[in-house]
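Remarks on the structure that follows.
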Amino acid sequence: MTAAHDSNIRPGRGHTEGDFAREEVALANRNSGLPLEALRYDVTPAGMHFLLVHFDVPFVAAADDWRLDVAGCVQRPLSLSLAQIQKLPQKTLRVTLECAGNGRANVVPRWQTQPWDCGGVSTAEWSGTPLRHILERAELASHAVDIAFHGADRGFDAGREQFYGRSLPPDLAMHEDVLIAWSMNGVPLPPQHGFPLRLIVPGWYGMASVKWLRRIEVLDRPFDGYQQVDNYVYRREREDKGTPVSTMRVKSMMVPPGIPDWYARNRTVEAGPVELTGRAWSGGGVPVATVAVGVDGVWTEAVLERSPSPYAWFRWRYLWNASPGEHVLACRATDANGETQPLDPPWDCFGFGNNAVQRLRVTVR
Ligand SMILES: Nc1nc2c(c(=O)[nH]1)N[C@H]1C(S)=C(S)[C@@H](COP(=O)(O)O)O[C@H]1N2
Ligand SMILES: [Mo]
């Protein structure tokens, strides 16, 4: 029996500690994270932007035949070509997206799925048309209560076959900054990021920004798709009803200073002044207020550079006078609502919303 076959007949996934299963490693290879040194870019180059694909990347040879259908509780059902959509008013937004499961590998015990360490976050410039222009053309019926967005990618999760789908309430869907985007960093969307069309919901965790958008379904009842009601819910216990995952929690991250060891990734830093730098962000358009840098448990405020976009991460920097020896570095952001990153991972059964402070061990020589 081949190893691949063997891995398919293993007993189901669950909570675990320590070693990573073959399936987790395979998912980590498909769904790459931002290399932390790339936190230096204001806008993440597309090839370094983190990636999360539940099923397969749909093969779309050309966008000519693509249609975006709008159906359900609307006065005028639509089937729009990319060319028609691109004639609508355009807008470009710089948006930080973070996967709701980012940091999951550090929640113990960990739920077996994409085992993010901390690279599931990036920033891009998305261009498209505010979704409201399409919804206004279709004209929502007065009894519309939820709007579902269906991707072209299909597969199974927990035995349930589905197209990847998520929903937004009408008032959020009509917000000027919710985009139907066809461009990332000034060029057409790369296949893995949703070519030819995707939704961008700024300030929300990434799961809301449906890629390969094919169909908008206006509903007279709450959407009950798998990714809406079964997945992406904060739960303390597996059976809890829980709370839906929505906007991003305040968080910050540091560019690892010095040079790494190839395998262990331990850092070696030269003694003397070292500029520590990184990024901080929050959700729902709430700006970051302060970032503190911790050196061996002593916290000092860093310098913050605001971003030109309410939805993009801020840069922070701090001049550290590194003395020889072993040190633990950390960063901790607080947003304008007074929310602060916890020192330890908040417990969630499926590892969602882990915004605990990042700690980094460095050896100064
Ligand atoms: N159609 C579709 N849209 C999707 C997904 C998906 O698997 N299929 N993954 C979602 C999740 S969980 C995240 S975090 C973001 C990731 O976007 P990116 O891969 O462009 O970084 O896309 C979201 N949109
Ligand atoms: Mo995600």
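Labeling convention for the structure tokens: chains A, B, ... as they appear, residues from 1 per chain, ligands from 1 in order of appearance.
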
Write down as number ranges by chain the residues of segment 40-266 of chain A whose backbone DSSP state falls under strand (DSSP E).
A: 67-72, 78-81, 91-98, 110-111, 121-130, 146-157, 160-168, 179-184, 187-188, 198-200, 213-219, 233-234, 243-244, 251-254, 259-260

What lies within 9 Å of Asp157 of chain A using only C-alpha atoms, ignoring chain neighbours under 5 positions off, as a ChimeraX atom specification?
/A:54,162,226

Nearby residues, ligand 1, 7 Å, only C-alpha atoms and all ligand atoms, as an MDAnalysis selection string:
chainID A and resid 49:55 97:100 150:153 164:165 192:194 205:213

Considering only C-alpha atoms and all ligand atoms, state which residue in the set A:Leu27, A:Val121, A:Leu93, A:Leu219 is at the smallest distance from ligand 2.
A:Val121

Need to verify the contact set: segment 240-257 of chain A, 8 Å, only C-alpha atoms, exclusion of same-chain residues closer than 2 positions in sequence. Can you return it as a PDB file with C-alpha atoms, in the first residue's frame?
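Everything below was put into result.pdb:
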```pdb
ATOM      1  CA  LEU A  36       8.098  37.684   7.970  1.00  0.00           C
ATOM      2  CA  GLU A  37      10.968  39.665   6.397  1.00  0.00           C
ATOM      3  CA  ALA A  38       8.342  40.800   3.848  1.00  0.00           C
ATOM      4  CA  LEU A  39       6.582  42.774   6.622  1.00  0.00           C
ATOM      5  CA  ARG A  40       9.008  45.497   5.423  1.00  0.00           C
ATOM      6  CA  GLU A  98      -5.470  38.121   7.755  1.00  0.00           C
ATOM      7  CA  ALA A 100      -8.877  33.888  10.849  1.00  0.00           C
ATOM      8  CA  GLY A 203     -11.416  45.049   8.043  1.00  0.00           C
ATOM      9  CA  TRP A 204     -12.758  41.489   8.167  1.00  0.00           C
ATOM     10  CA  TYR A 205     -10.815  38.283   8.484  1.00  0.00           C
ATOM     11  CA  GLN A 228     -20.948  30.523   7.266  1.00  0.00           C
ATOM     12  CA  VAL A 229     -22.538  28.489  10.038  1.00  0.00           C
ATOM     13  CA  TYR A 232     -15.638  30.341  11.031  1.00  0.00           C
ATOM     14  CA  VAL A 233     -17.446  30.385  14.358  1.00  0.00           C
ATOM     15  CA  TYR A 234     -15.651  31.026  17.669  1.00  0.00           C
ATOM     16  CA  ARG A 235     -16.404  28.107  19.958  1.00  0.00           C
ATOM     17  CA  ARG A 236     -14.977  27.076  23.307  1.00  0.00           C
ATOM     18  CA  GLU A 237     -16.244  23.508  22.854  1.00  0.00           C
ATOM     19  CA  ARG A 238     -16.886  21.623  19.621  1.00  0.00           C
ATOM     20  CA  ILE A 259      20.236  36.366  10.427  1.00  0.00           C
ATOM     21  CA  ARG A 267      18.228  34.447  15.062  1.00  0.00           C
ATOM     22  CA  THR A 268      21.777  35.763  15.536  1.00  0.00           C
ATOM     23  CA  VAL A 269      22.147  39.527  15.970  1.00  0.00           C
ATOM     24  CA  VAL A 274      19.465  47.432  16.045  1.00  0.00           C
ATOM     25  CA  LEU A 276      13.432  46.618  15.227  1.00  0.00           C
ATOM     26  CA  THR A 277      10.498  47.100  12.883  1.00  0.00           C
ATOM     27  CA  GLY A 278       7.201  45.487  12.017  1.00  0.00           C
ATOM     28  CA  ARG A 279       3.513  46.057  11.379  1.00  0.00           C
ATOM     29  CA  ALA A 280       0.375  46.460  13.450  1.00  0.00           C
ATOM     30  CA  TRP A 281      -3.280  46.341  12.409  1.00  0.00           C
ATOM     31  CA  SER A 282      -6.807  45.951  13.717  1.00  0.00           C
ATOM     32  CA  GLY A 283     -10.188  45.272  12.143  1.00  0.00           C
ATOM     33  CA  GLY A 284     -13.332  47.100  11.091  1.00  0.00           C
ATOM     34  CA  VAL A 288      -3.947  51.089  15.874  1.00  0.00           C
ATOM     35  CA  VAL A 291       2.664  49.506  19.828  1.00  0.00           C
ATOM     36  CA  ALA A 330       8.004  40.845  21.632  1.00  0.00           C
ATOM     37  CA  CYS A 331       5.570  43.436  20.281  1.00  0.00           C
ATOM     38  CA  ARG A 332       2.100  44.317  21.467  1.00  0.00           C
ATOM     39  CA  ALA A 333      -0.462  46.590  19.806  1.00  0.00           C
ATOM     40  CA  THR A 334      -3.455  48.445  21.246  1.00  0.00           C
ATOM     41  CA  ASP A 335      -6.156  49.896  18.972  1.00  0.00           C
ATOM     42  CA  GLU A 339      -8.341  46.545  22.684  1.00  0.00           C
ATOM     43  CA  THR A 340      -4.894  45.104  23.426  1.00  0.00           C
ATOM     44  CA  GLN A 341      -3.219  41.900  22.294  1.00  0.00           C
ATOM     45  CA  PHE A 352      -9.541  31.149  15.300  1.00  0.00           C
ATOM     46  CA  GLY A 353      -8.600  34.726  16.164  1.00  0.00           C
ATOM     47  CA  ASN A 355      -3.907  37.559  18.287  1.00  0.00           C
ATOM     48  CA  ALA A 356      -1.472  36.776  21.129  1.00  0.00           C
ATOM     49  CA  VAL A 357       1.822  38.696  21.175  1.00  0.00           C
ATOM     50  CA  GLN A 358       4.584  37.215  19.029  1.00  0.00           C
ATOM     51  CA  LEU A 360      11.124  35.919  19.349  1.00  0.00           C
TER      52      LEU A 360
END
```

Write out as a VMD selection string which residues come within 7 Å of Glu275 of chain A when counting only C-alpha atoms, dropping same-chain ones fewer than 6 positions away.
chain A and resid 317 to 320

Mind checking which residues fall within 8 Å of Pro196 of chain A, counting only C-alpha atoms, ignoring those fewer than 3 positions away in the same chain, and posting them as a list in words?
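The filter keeps Val60, Ala63, Trp66, Leu82, Trp182, Pro188, Leu189, Pro191 and Trp212 of chain A.
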
Shortest interatomic distance to ligand 2 - which of A:Val57, A:Asn31, A:Pro45, A:Trp316, counting only C-alpha atoms and all ligand atoms:
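Using only C-alpha atoms and all ligand atoms, the shortest distance to ligand 2 belongs to A:Asn31.
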
As a list of chain:residue names, list the residues of segment 178-361 of chain A assigned to helix (DSSP H, G or I) by DSSP on the backbone atoms of this structure.
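Matching residues for helix (DSSP H, G or I) in segment 178-361 of chain A are A:Pro191, A:Gln192, A:His193, A:Gly206, A:Met207, A:Ala208, A:Tyr226, A:Gln227, A:Gln228, A:Val229, A:Asp230.
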
Which residues, written as a PDB file with N, CA and C atoms, in the first residue's frame, have at least one atom at most 9 Å from Trp116 of chain A, with only C-alpha atoms counted and residues fewer than 2 positions away on the same chain left out?
```
ATOM      1  N   ALA A  28       0.034  22.997   4.650  1.00  0.00           N
ATOM      2  CA  ALA A  28       0.949  24.124   4.863  1.00  0.00           C
ATOM      3  C   ALA A  28       1.765  24.410   3.607  1.00  0.00           C
ATOM      4  N   ASN A  31      -0.825  26.179   1.161  1.00  0.00           N
ATOM      5  CA  ASN A  31      -1.290  27.479   1.647  1.00  0.00           C
ATOM      6  C   ASN A  31      -0.143  28.204   2.332  1.00  0.00           C
ATOM      7  N   SER A  32       0.622  28.959   1.528  1.00  0.00           N
ATOM      8  CA  SER A  32       1.859  29.550   2.039  1.00  0.00           C
ATOM      9  C   SER A  32       1.577  30.813   2.844  1.00  0.00           C
ATOM     10  N   GLY A  33       2.477  31.098   3.770  1.00  0.00           N
ATOM     11  CA  GLY A  33       2.386  32.304   4.580  1.00  0.00           C
ATOM     12  C   GLY A  33       3.329  33.377   4.085  1.00  0.00           C
ATOM     13  N   CYS A  99      -5.847  35.737   7.713  1.00  0.00           N
ATOM     14  CA  CYS A  99      -6.670  34.529   7.815  1.00  0.00           C
ATOM     15  C   CYS A  99      -7.092  34.375   9.275  1.00  0.00           C
ATOM     16  N   GLY A 101      -7.535  31.855  10.873  1.00  0.00           N
ATOM     17  CA  GLY A 101      -6.801  30.759  11.518  1.00  0.00           C
ATOM     18  C   GLY A 101      -5.332  31.065  11.740  1.00  0.00           C
ATOM     19  N   ASN A 102      -4.913  32.298  11.384  1.00  0.00           N
ATOM     20  CA  ASN A 102      -3.496  32.640  11.558  1.00  0.00           C
ATOM     21  C   ASN A 102      -3.096  32.473  13.025  1.00  0.00           C
ATOM     22  N   GLY A 103      -1.955  31.810  13.279  1.00  0.00           N
ATOM     23  CA  GLY A 103      -1.497  31.590  14.649  1.00  0.00           C
ATOM     24  C   GLY A 103      -2.050  30.321  15.278  1.00  0.00           C
ATOM     25  N   ARG A 104      -2.845  29.569  14.513  1.00  0.00           N
ATOM     26  CA  ARG A 104      -3.508  28.386  15.055  1.00  0.00           C
ATOM     27  C   ARG A 104      -2.531  27.335  15.591  1.00  0.00           C
ATOM     28  N   ALA A 105      -1.366  27.223  14.959  1.00  0.00           N
ATOM     29  CA  ALA A 105      -0.417  26.179  15.370  1.00  0.00           C
ATOM     30  C   ALA A 105       0.079  26.412  16.798  1.00  0.00           C
ATOM     31  N   ASN A 106      -0.146  27.622  17.322  1.00  0.00           N
ATOM     32  CA  ASN A 106       0.318  27.932  18.683  1.00  0.00           C
ATOM     33  C   ASN A 106      -0.801  27.857  19.717  1.00  0.00           C
ATOM     34  N   THR A 113      -6.021  21.230  10.863  1.00  0.00           N
ATOM     35  CA  THR A 113      -6.429  21.869   9.609  1.00  0.00           C
ATOM     36  C   THR A 113      -5.208  22.679   9.199  1.00  0.00           C
ATOM     37  N   GLN A 114      -5.367  23.677   8.322  1.00  0.00           N
ATOM     38  CA  GLN A 114      -4.213  24.502   7.928  1.00  0.00           C
ATOM     39  C   GLN A 114      -3.479  24.999   9.187  1.00  0.00           C
ATOM     40  N   CYS A 118       2.592  32.075  11.877  1.00  0.00           N
ATOM     41  CA  CYS A 118       2.137  33.466  12.013  1.00  0.00           C
ATOM     42  C   CYS A 118       2.118  34.243  10.703  1.00  0.00           C
ATOM     43  N   GLY A 119       2.325  33.575   9.559  1.00  0.00           N
ATOM     44  CA  GLY A 119       2.433  34.305   8.288  1.00  0.00           C
ATOM     45  C   GLY A 119       1.133  34.503   7.521  1.00  0.00           C
ATOM     46  N   GLY A 120      -0.013  34.201   8.131  1.00  0.00           N
ATOM     47  CA  GLY A 120      -1.275  34.309   7.401  1.00  0.00           C
ATOM     48  C   GLY A 120      -1.824  35.719   7.360  1.00  0.00           C
TER      49      GLY A 120
END
```

One decimal, Å: what's the distance from atom CA of His15 of chain A over to atom CA of Arg166 of chain A, could you say?
25.5 Å

Pick from A:Thr300, A:Thr123, A:Gln227, A:Thr363: nearest to Phe314 of chain A, with only C-alpha atoms counted?
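Counting only C-alpha atoms, the residue closest to Phe314 of chain A is A:Thr123.
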
Just to confirm, what's the straight-line distance from atom CA of Val295 of chain A to atom CA of His327 of chain A in Å (one decimal)?
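Taking atom CA of Val295 of chain A as the start and atom CA of His327 of chain A as the end point, the length is 6.9 Å.
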
Excluding Met184 of chain A and residues on its chain fewer than 4 positions from it, collect all residues at most 8 Å away from it, counting only C-alpha atoms, and give them as number ranges by chain.
A: 46, 124-127, 188-190
